[in-house]
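These notes are about the structure you will find just below.
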Amino acid sequence: MVFERSAQRPMGLWAEAGENLLRIVPQLGPDAPAGDGVGDCLPCPGCYRPVYKSSSSHTLIGAGPFPLSGLCRLCADGSTLNSLRQADGVPVDPEQLVVLETVAAAMA
C-alpha cells in the first residue's frame with residue numbers, strides 16, 4: 001500500500017478532482033433519487049456516506065443538544081468539512097452543514 005502526501009500529487013490532478021467534485025456533489029443532495037438499497041448500513045449524518053455496522057463509526061457526546069452518532073471517519077476528523085470549504089460554492093444541505101460545523105466546534 002502506498003500513501004501519498006498532497007504535495008506529491010501534481011496540481012493538475014487536484015484541479016481535475018475538484019472539477020469532478022463540483023460536477024458530482026450537487027447530485028448527492030437530499031432531493032437526489034434513491035440509490036439501490038444497501039443493507040446493513042445507515043447514512044452518515046454529515047455526508048450521507050453509508051456507514052456499515054462492520055465499519056468503525058464515531059459518536060460525539062456533548063457536541064450539541066443530542067449526541068451525534070454514526071459519523072463516518074471523514075466527518076468525525078473534519079476532513080469532509082475541510083473539503084467542502086476548499087470547494088467553495090458547492091451547494092450543501094443545511095442539515096449536513098449544521099452537523100459538520102457542530103463536529104468541528106466539538107473538536108476545537
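Ordering of the C-alpha cells sets the chain letters (A, B, ...), residue numbers begin anew at 1 in every chain, and ligands are numbered from 1 in the order given.
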(message) Excluding A:Val51 and its own-chain neighbours fewer than 2 positions away, which residues fall within 6 Å of it when counting only C-alpha atoms? Please give them as a ChimeraX atom specification.
(response) /A:41-43
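Near A:Val98, within a cut-off of 12 Å and counting only C-alpha atoms, sit the residues Pro45, Gly46, Cys47, Ala63, Gly64, Leu68, Cys75, Leu81, Val92, Asp93, Pro94, Glu95, Gln96, Leu100, Glu101, Thr102, Val103, Ala104 and Ala105 of chain A, with same-chain residues fewer than 2 positions away left out.
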(request) State, in Å with one decimal place, the distance from atom CA of A:Leu97 to atom CA of A:Asn82. (result)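 Computed distance, atom CA of A:Leu97 to atom CA of A:Asn82, equals 11.5 Å.
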(request) Mind giving me the straight-line distance from atom CA of A:Leu13 to atom CA of A:Pro91 in Å, one decimal? (result)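 Atom CA of A:Leu13 sits 22.5 Å away from atom CA of A:Pro91.
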